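Enquirer: Please find final12.cif (mmCIF, C-alpha atoms) on the next line:
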```
data_work
loop_
_atom_site.label_atom_id
_atom_site.label_comp_id
_atom_site.auth_asym_id
_atom_site.auth_seq_id
_atom_site.Cartn_x
_atom_site.Cartn_y
_atom_site.Cartn_z
CA MET A 1224 -120.94 -73.69 -82.56
CA ASP A 1225 -118.77 -71.70 -84.94
CA LEU A 1226 -115.72 -70.56 -82.96
CA SER A 1227 -116.04 -67.12 -84.52
CA GLU A 1228 -118.94 -66.75 -82.11
CA VAL A 1229 -116.60 -67.08 -79.14
CA LEU A 1230 -113.26 -65.90 -80.58
CA ASP A 1231 -112.38 -62.53 -82.08
CA ILE A 1232 -109.22 -62.67 -84.16
CA VAL A 1233 -107.52 -59.70 -85.84
CA ARG A 1234 -104.24 -59.81 -87.72
CA LEU A 1235 -101.99 -57.10 -89.13
CA THR A 1236 -98.58 -57.04 -90.78
CA ASP A 1237 -96.48 -54.02 -91.77
CA THR A 1238 -93.19 -53.68 -93.65
CA GLY A 1239 -91.90 -51.09 -91.18
CA LEU A 1240 -89.85 -48.03 -92.03
CA VAL A 1241 -86.50 -49.57 -93.02
CA ARG A 1242 -86.98 -52.90 -94.80
CA ARG A 1243 -87.87 -52.93 -98.49
CA HIS A 1244 -89.75 -56.22 -98.31
CA ASN A 1245 -92.06 -57.81 -95.78
CA GLU A 1246 -90.63 -61.20 -94.84
CA ASP A 1247 -93.36 -61.93 -92.29
CA ALA A 1248 -96.34 -64.12 -93.18
CA ILE A 1249 -99.53 -64.51 -91.15
CA ALA A 1250 -102.86 -66.33 -91.37
CA SER A 1251 -105.83 -67.08 -89.14
CA ASP A 1252 -109.37 -68.45 -89.17
CA ALA A 1253 -111.57 -67.53 -86.23
CA SER A 1254 -114.21 -70.14 -87.08
CA ILE A 1255 -111.83 -72.98 -86.23
CA GLY A 1256 -109.51 -71.12 -83.83
CA PHE A 1257 -106.42 -71.32 -86.02
CA VAL A 1258 -103.51 -68.86 -85.92
CA ILE A 1259 -100.07 -68.94 -87.54
CA LEU A 1260 -97.24 -66.39 -87.89
CA ALA A 1261 -93.79 -66.75 -89.47
CA ASP A 1262 -90.86 -64.31 -89.61
CA GLY A 1263 -88.49 -65.19 -92.46
CA MET A 1264 -84.75 -64.69 -92.69
CA GLY A 1265 -81.86 -65.20 -95.09
CA GLY A 1266 -80.77 -63.87 -98.46
CA TYR A 1267 -82.41 -61.52 -100.92
CA ASN A 1268 -86.14 -62.12 -100.57
CA ALA A 1269 -85.44 -65.68 -99.38
CA GLY A 1270 -86.88 -64.96 -95.96
CA GLU A 1271 -90.14 -64.05 -97.63
CA VAL A 1272 -90.10 -67.39 -99.44
CA ALA A 1273 -89.44 -69.33 -96.22
CA SER A 1274 -92.18 -67.64 -94.21
CA GLU A 1275 -94.78 -68.02 -96.96
CA MET A 1276 -93.83 -71.67 -97.43
CA ALA A 1277 -94.23 -72.19 -93.68
CA VAL A 1278 -97.68 -70.63 -93.47
CA LEU A 1279 -99.04 -72.18 -96.67
CA THR A 1280 -97.57 -75.65 -96.16
CA ILE A 1281 -98.51 -76.06 -92.51
CA THR A 1282 -102.04 -74.92 -93.24
CA ALA A 1283 -102.28 -77.31 -96.20
CA GLU A 1284 -100.86 -80.20 -94.18
CA LEU A 1285 -103.41 -79.70 -91.42
CA LYS A 1286 -106.19 -79.55 -94.00
CA GLU A 1287 -105.09 -82.80 -95.61
CA ALA A 1288 -104.59 -84.61 -92.32
CA LEU A 1289 -107.97 -83.62 -90.91
CA GLY A 1290 -109.75 -83.87 -94.25
CA ALA A 1291 -108.99 -86.58 -96.78
CA GLY A 1292 -106.68 -88.49 -94.46
CA SER A 1293 -108.98 -88.41 -91.47
CA SER A 1294 -110.22 -92.01 -91.80
CA GLN A 1295 -107.29 -93.19 -89.68
CA TYR A 1296 -108.99 -91.56 -86.67
CA ILE A 1297 -112.40 -93.19 -87.11
CA LEU A 1298 -113.29 -95.58 -84.28
CA PRO A 1299 -115.79 -98.49 -84.42
CA ASP A 1300 -119.41 -97.30 -84.52
CA VAL A 1301 -118.24 -93.69 -85.00
CA ASP A 1302 -118.82 -92.28 -88.47
CA ARG A 1303 -116.33 -89.39 -88.20
CA PRO A 1304 -112.85 -88.81 -86.82
CA VAL A 1305 -112.51 -88.44 -83.07
CA LEU A 1306 -110.85 -85.13 -82.35
CA ASN A 1307 -108.70 -84.91 -79.25
CA LYS A 1308 -105.75 -82.97 -77.99
CA GLU A 1309 -103.15 -85.68 -78.58
CA ILE A 1310 -104.20 -86.16 -82.19
CA LEU A 1311 -104.00 -82.44 -82.82
CA LYS A 1312 -100.57 -82.23 -81.22
CA LYS A 1313 -99.29 -85.00 -83.47
CA LEU A 1314 -100.79 -83.33 -86.53
CA MET A 1315 -99.11 -80.05 -85.63
CA ILE A 1316 -95.74 -81.74 -85.06
CA ASP A 1317 -95.97 -83.73 -88.28
CA ALA A 1318 -96.99 -80.67 -90.31
CA VAL A 1319 -94.07 -78.66 -88.96
CA ALA A 1320 -91.61 -81.50 -89.61
CA TYR A 1321 -92.76 -81.84 -93.21
CA THR A 1322 -92.58 -78.08 -93.72
CA ASN A 1323 -89.10 -77.91 -92.25
CA ALA A 1324 -87.93 -80.57 -94.69
CA SER A 1325 -89.54 -78.73 -97.61
CA ILE A 1326 -87.92 -75.39 -96.77
CA TYR A 1327 -84.56 -77.03 -96.14
CA HIS A 1328 -84.74 -78.86 -99.48
CA ALA A 1329 -85.54 -75.63 -101.31
CA SER A 1330 -82.64 -73.85 -99.60
CA GLN A 1331 -80.28 -76.62 -100.70
CA THR A 1332 -81.65 -76.76 -104.23
CA TYR A 1333 -81.92 -73.10 -105.26
CA SER A 1334 -78.93 -70.81 -104.80
CA GLN A 1335 -81.11 -67.74 -104.30
CA CYS A 1336 -82.73 -69.50 -101.32
CA ALA A 1337 -79.51 -70.68 -99.66
CA GLY A 1338 -79.59 -70.26 -95.89
CA MET A 1339 -83.22 -69.25 -95.69
CA GLY A 1340 -85.35 -70.09 -92.69
CA THR A 1341 -88.14 -68.71 -90.56
CA THR A 1342 -89.39 -68.43 -87.01
CA LEU A 1343 -92.84 -69.76 -86.26
CA VAL A 1344 -95.69 -69.41 -83.80
CA LEU A 1345 -98.74 -71.60 -84.27
CA GLY A 1346 -101.91 -71.78 -82.21
CA LEU A 1347 -105.02 -73.97 -82.11
CA PHE A 1348 -107.83 -73.15 -79.69
CA ILE A 1349 -109.69 -76.30 -78.62
CA ASN A 1350 -111.87 -77.23 -75.66
CA ASN A 1351 -111.02 -74.17 -73.57
CA GLN A 1352 -107.31 -74.63 -74.20
CA LEU A 1353 -104.67 -73.20 -76.51
CA LEU A 1354 -102.22 -75.58 -78.15
CA ALA A 1355 -99.23 -73.32 -78.82
CA GLY A 1356 -96.18 -74.23 -80.86
CA HIS A 1357 -93.14 -72.06 -81.52
CA ILE A 1358 -89.68 -72.07 -83.07
CA GLY A 1359 -87.32 -69.10 -82.78
CA ASP A 1360 -88.00 -65.69 -81.25
CA SER A 1361 -91.51 -64.88 -82.43
CA ARG A 1362 -93.69 -64.84 -79.34
CA ILE A 1363 -97.07 -65.52 -77.78
CA TYR A 1364 -98.35 -63.34 -74.93
CA ARG A 1365 -101.51 -63.55 -72.85
CA LEU A 1366 -103.36 -60.60 -71.36
CA ARG A 1367 -105.49 -61.74 -68.40
CA ASN A 1368 -107.02 -59.45 -65.80
CA GLN A 1369 -105.07 -56.57 -67.37
CA HIS A 1370 -101.73 -58.35 -66.76
CA LEU A 1371 -99.50 -59.36 -69.70
CA VAL A 1372 -97.49 -62.60 -69.52
CA GLN A 1373 -95.07 -63.98 -72.11
CA MET A 1374 -96.15 -67.56 -72.81
CA THR A 1375 -93.19 -68.63 -74.97
CA GLU A 1376 -89.46 -68.56 -74.30
CA ASP A 1377 -87.28 -67.38 -77.18
CA HIS A 1378 -84.98 -69.85 -78.89
CA SER A 1379 -82.19 -67.29 -79.07
CA LEU A 1380 -78.62 -66.66 -77.99
CA LEU A 1381 -79.77 -63.88 -75.67
CA GLN A 1382 -82.26 -66.14 -73.92
CA GLU A 1383 -79.57 -68.78 -73.40
CA GLN A 1384 -77.27 -66.14 -71.92
CA ILE A 1385 -80.06 -64.92 -69.61
CA ARG A 1386 -80.80 -68.48 -68.51
CA ALA A 1387 -77.11 -69.08 -67.81
CA GLY A 1388 -76.86 -65.86 -65.77
CA ILE A 1389 -74.33 -64.33 -68.14
CA ILE A 1390 -76.49 -61.25 -68.72
CA THR A 1391 -79.64 -59.81 -67.16
CA PRO A 1392 -82.91 -59.23 -69.01
CA GLU A 1393 -82.19 -55.49 -68.73
CA GLN A 1394 -78.79 -55.94 -70.39
CA ALA A 1395 -80.37 -58.08 -73.10
CA LYS A 1396 -82.56 -55.16 -74.13
CA GLN A 1397 -79.41 -53.20 -75.07
CA SER A 1398 -77.66 -56.09 -76.82
CA SER A 1399 -76.68 -55.95 -80.49
CA HIS A 1400 -77.34 -59.71 -80.82
CA LYS A 1401 -81.13 -59.63 -80.58
CA ASN A 1402 -81.70 -61.42 -83.88
CA LEU A 1403 -79.46 -64.46 -83.32
CA VAL A 1404 -81.89 -67.37 -83.01
CA THR A 1405 -80.74 -70.82 -81.95
CA ARG A 1406 -83.62 -72.61 -83.63
CA ALA A 1407 -85.41 -71.86 -86.91
CA LEU A 1408 -87.65 -73.67 -89.37
CA GLY A 1409 -85.88 -74.84 -92.54
CA VAL A 1410 -82.26 -74.16 -91.54
CA ASP A 1411 -81.37 -77.75 -90.59
CA PRO A 1412 -82.70 -81.09 -91.84
CA LYS A 1413 -84.66 -81.50 -88.61
CA VAL A 1414 -85.98 -79.08 -86.02
CA GLU A 1415 -87.93 -79.47 -82.79
CA MET A 1416 -91.00 -77.33 -82.28
CA GLU A 1417 -91.68 -76.48 -78.66
CA LEU A 1418 -95.33 -77.34 -78.08
CA ASN A 1419 -97.27 -76.38 -74.96
CA GLU A 1420 -100.89 -76.26 -73.85
CA PHE A 1421 -102.49 -73.52 -71.81
CA ASP A 1422 -105.87 -73.28 -70.13
CA VAL A 1423 -107.95 -70.46 -71.58
CA GLU A 1424 -110.33 -68.21 -69.68
CA ILE A 1425 -113.09 -65.95 -70.88
CA ALA A 1426 -111.81 -62.40 -71.61
CA ASP A 1427 -108.24 -63.59 -72.26
CA VAL A 1428 -106.45 -61.80 -75.11
CA TYR A 1429 -103.62 -63.65 -76.86
CA LEU A 1430 -100.96 -61.80 -78.82
CA PHE A 1431 -98.91 -63.62 -81.47
CA CYS A 1432 -96.13 -61.38 -82.77
CA SER A 1433 -92.81 -61.16 -84.58
CA ASP A 1434 -89.72 -59.58 -83.03
CA GLY A 1435 -90.34 -56.46 -85.10
CA LEU A 1436 -92.71 -55.53 -82.28
CA THR A 1437 -90.97 -56.90 -79.19
CA ASP A 1438 -87.47 -55.66 -80.06
CA LEU A 1439 -88.76 -52.08 -80.09
CA VAL A 1440 -91.73 -51.99 -77.71
CA ASP A 1441 -91.29 -53.26 -74.15
CA ASP A 1442 -93.81 -55.51 -72.44
CA GLU A 1443 -95.12 -52.76 -70.16
CA LEU A 1444 -96.07 -50.59 -73.12
CA ILE A 1445 -97.61 -53.55 -74.95
CA GLN A 1446 -99.66 -54.27 -71.83
CA SER A 1447 -100.92 -50.71 -71.44
CA THR A 1448 -101.75 -50.50 -75.16
CA LEU A 1449 -103.77 -53.70 -75.08
CA ASN A 1450 -105.59 -52.60 -71.94
CA SER A 1451 -106.44 -49.26 -73.59
CA HIS A 1452 -107.94 -50.97 -76.66
CA VAL A 1453 -109.17 -54.27 -75.25
CA LEU A 1454 -112.68 -53.63 -76.59
CA ASP A 1455 -111.47 -53.09 -80.15
CA LEU A 1456 -108.79 -55.52 -81.37
CA THR A 1457 -108.43 -53.71 -84.69
CA LYS A 1458 -107.46 -50.51 -82.89
CA ALA A 1459 -105.17 -52.50 -80.60
CA ALA A 1460 -103.32 -54.07 -83.54
CA ASP A 1461 -103.03 -50.69 -85.28
CA ALA A 1462 -101.69 -49.11 -82.09
CA LEU A 1463 -99.04 -51.80 -81.58
CA VAL A 1464 -97.75 -51.50 -85.14
CA LYS A 1465 -97.74 -47.71 -84.86
CA LEU A 1466 -95.71 -47.91 -81.65
CA ALA A 1467 -93.10 -50.14 -83.29
CA ASN A 1468 -92.78 -47.70 -86.18
CA GLU A 1469 -92.56 -44.75 -83.80
CA HIS A 1470 -89.70 -46.52 -82.06
CA GLY A 1471 -87.75 -46.92 -85.31
CA GLY A 1472 -89.64 -49.45 -87.40
CA ASN A 1473 -86.38 -51.17 -88.32
CA ASP A 1474 -88.00 -54.54 -89.00
CA ASN A 1475 -91.21 -55.99 -90.34
CA ILE A 1476 -93.97 -55.94 -87.71
CA SER A 1477 -96.69 -58.57 -87.44
CA VAL A 1478 -99.35 -59.08 -84.80
CA ILE A 1479 -102.30 -61.40 -84.41
CA LEU A 1480 -104.72 -60.78 -81.54
CA ALA A 1481 -107.22 -63.39 -80.35
CA LYS A 1482 -109.80 -62.57 -77.69
CA VAL A 1483 -111.86 -65.25 -75.94
CA ASN A 1484 -115.46 -64.10 -75.51
CA ASN A 1485 -117.04 -67.32 -74.30
CA SER A 1486 -116.43 -70.96 -73.40
CA TYR A 1487 -115.85 -73.47 -76.23
CA GLU A 1488 -116.05 -76.93 -74.71
CA ASP A 1489 -117.84 -78.80 -77.51
CA LYS A 1490 -115.13 -80.80 -79.30
CA ASN A 1491 -117.46 -82.33 -81.86
CA THR A 1492 -118.79 -78.96 -82.95
CA TRP A 1493 -115.20 -77.67 -83.23
CA TYR A 1494 -114.42 -80.60 -85.50
CA ASP A 1495 -117.50 -80.07 -87.65
CA ASN A 1496 -116.53 -76.47 -88.26
CA PHE A 1497 -112.93 -77.40 -89.02
CA VAL A 1498 -113.99 -79.94 -91.65
CA GLY A 1499 -116.48 -77.44 -93.06
CA TRP A 1500 -113.63 -74.96 -93.48
CA LEU A 1501 -111.52 -77.59 -95.28
CA LYS A 1502 -114.18 -78.41 -97.93
#
```
Any chance you could put this one into structure tokens?
Expert:
Amino acid sequence: MDLSEVLDIVRLTDTGLVRRHNEDAIASDASIGFVILADGMGGYNAGEVASEMAVLTITAELKEALGAGSSQYILPDVDRPVLNKEILKKLMIDAVAYTNASIYHASQTYSQCAGMGTTLVLGLFINNQLLAGHIGDSRIYRLRNQHLVQMTEDHSLLQEQIRAGIITPEQAKQSSHKNLVTRALGVDPKVEMELNEFDVEIADVYLFCSDGLTDLVDDELIQSTLNSHVLDLTKAADALVKLANEHGGNDNISVILAKVNNSYEDKNTWYDNFVGWLK
């Protein structure tokens, strides 16, 4: 089955009210359950370069690995690659590593790109699970039974201070150091993507977002907004972006919403649709 039959995905990005350029980049494909969001940083327009490189390169790497290079996964008496979770995890990790090296090389080669980098959230829905990777402080949330839960933990100075008991989550909301990430794509020669897997249930809504939303809109308001518009993801995305702008709009705002409408257990069909998308 085409995953667009069981997944609704809506994405929206907005420059906000203060920034002159949008340094966020987003992409998705509901038919194969693919979602990616990057929030760039560094230099004049360099953040925009980093985030676009991240989205375009990771997508291209996954296409190549699962397309032309897929023969390495063919088993005896099987005429097509065998798709499984471990293979996909490795492909995601390898794609991110290659992209990190590419962004880092560009930042070292071109003066106008010096110091650029980007956060990243990446999701693949497969066999009633979500494979979720992230670097930095862009986040993934899950709305289940009207309750919102943050699925990722920020790679940030504030999160380290919270974990160490130096400050409370309430104090962190008032901090002036919200944008100091401890891990970013393209800043160092190597970076580790945190990769987790989550069981997915019918009616779940997943929110992938940049800190342009979460720095200005608290989780309780995000939860109530999603619950108010759970039947229309387009309205939900519009409402979230509007809230961030109403609260100052001092950064670019990007959201991707994915709602699970049915079970998707057939791995082979998932693979067929993925390869069809690559051709």
Enquirer: Quick one: residues within 9 Å of range 1325-1336 of chain A, all atoms listed in the file counted, chain neighbours fewer than 2 positions away excluded, as a list of chain:residue names?
Expert: A:Gly1265, A:Gly1266, A:Tyr1267, A:Asn1268, A:Ala1269, A:Gly1270, A:Val1272, A:Ala1273, A:Met1276, A:Ala1277, A:Thr1280, A:Ala1320, A:Tyr1321, A:Thr1322, A:Asn1323, A:Gly1338, A:Met1339, A:Gly1340, A:Leu1408, A:Gly1409, A:Val1410, A:Asp1411, A:Pro1412, A:Lys1413
Enquirer: Contacts of Glu1271 in chain A at 8 Å or less, counting all atoms listed in the file, minus same-chain residues fewer than 6 places along, as a PyMOL selection string?
Expert: chain A and resi 1244-1248+1263-1264
Enquirer: Tell me which protein, DNA and RNA residues are within 12 Å of Lys1308 in chain A, counting all atoms listed in the file, leaving out same-chain ones fewer than 4 positions away, and put them as a ChimeraX atom specification.
Expert: /A:1312-1315,1347-1355,1418-1421,1490,1494
Enquirer: What is the distance between CA of Leu1371 in chain A and CA of Ser1433 in chain A, in Å to one decimal?
Expert: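 Going from CA of Leu1371 in chain A over to CA of Ser1433 in chain A, I get 16.4 Å.
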Enquirer: Run the PyMOL selection byres ((chain A and resi 1241) around 7) against the file shown and list the residues it catches, as a PyMOL selection string.
Expert: chain A and resi 1239-1240+1242-1243+1472-1474
Enquirer: Between CA of Ala1467 in chain A and CA of Thr1437 in chain A, what is the distance in Å, rounded to a tenth?
Expert: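 So the answer is 8.2 Å.
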Enquirer: To test your reading of the syntax: which residues would the PyMOL selection byres ((chain A and resi 1358) around 12) return for the file shown? Reply as an MDAnalysis selection string.
Expert: chainID A and resid 1259:1263 1277 1316 1319:1320 1323 1340:1345 1355:1357 1359:1363 1375:1379 1404:1410 1414:1419 1433
Enquirer: From the list A:Leu1403, A:Leu1463, A:Ile1255, A:Leu1230, which residue is nearest Asp1441 in chain A when using only C-alpha atoms?
Expert: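 Distance minimum relative to Asp1441 in chain A lands on A:Leu1463.
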Enquirer: Please report the interatomic distance between CA of Ala1462 in chain A and CA of Leu1480 in chain A in Å with one decimal.
Expert: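 CA of Ala1462 in chain A sits 12.1 Å away from CA of Leu1480 in chain A.
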Enquirer: Looking at all atoms listed in the file, which of A:Leu1366, A:Val1483, A:Val1478, A:Cys1432 is the one that sits closest to Leu1449 in chain A?
Expert: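 For Leu1449 in chain A, the nearest of the given residues is A:Leu1366.
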Enquirer: Report as a PyMOL selection string the full result of the PyMOL selection byres ((chain A and resi 1454) around 12) when it is applied to this structure.
Expert: chain A and resi 1231+1426-1428+1448-1453+1455-1460+1480-1484
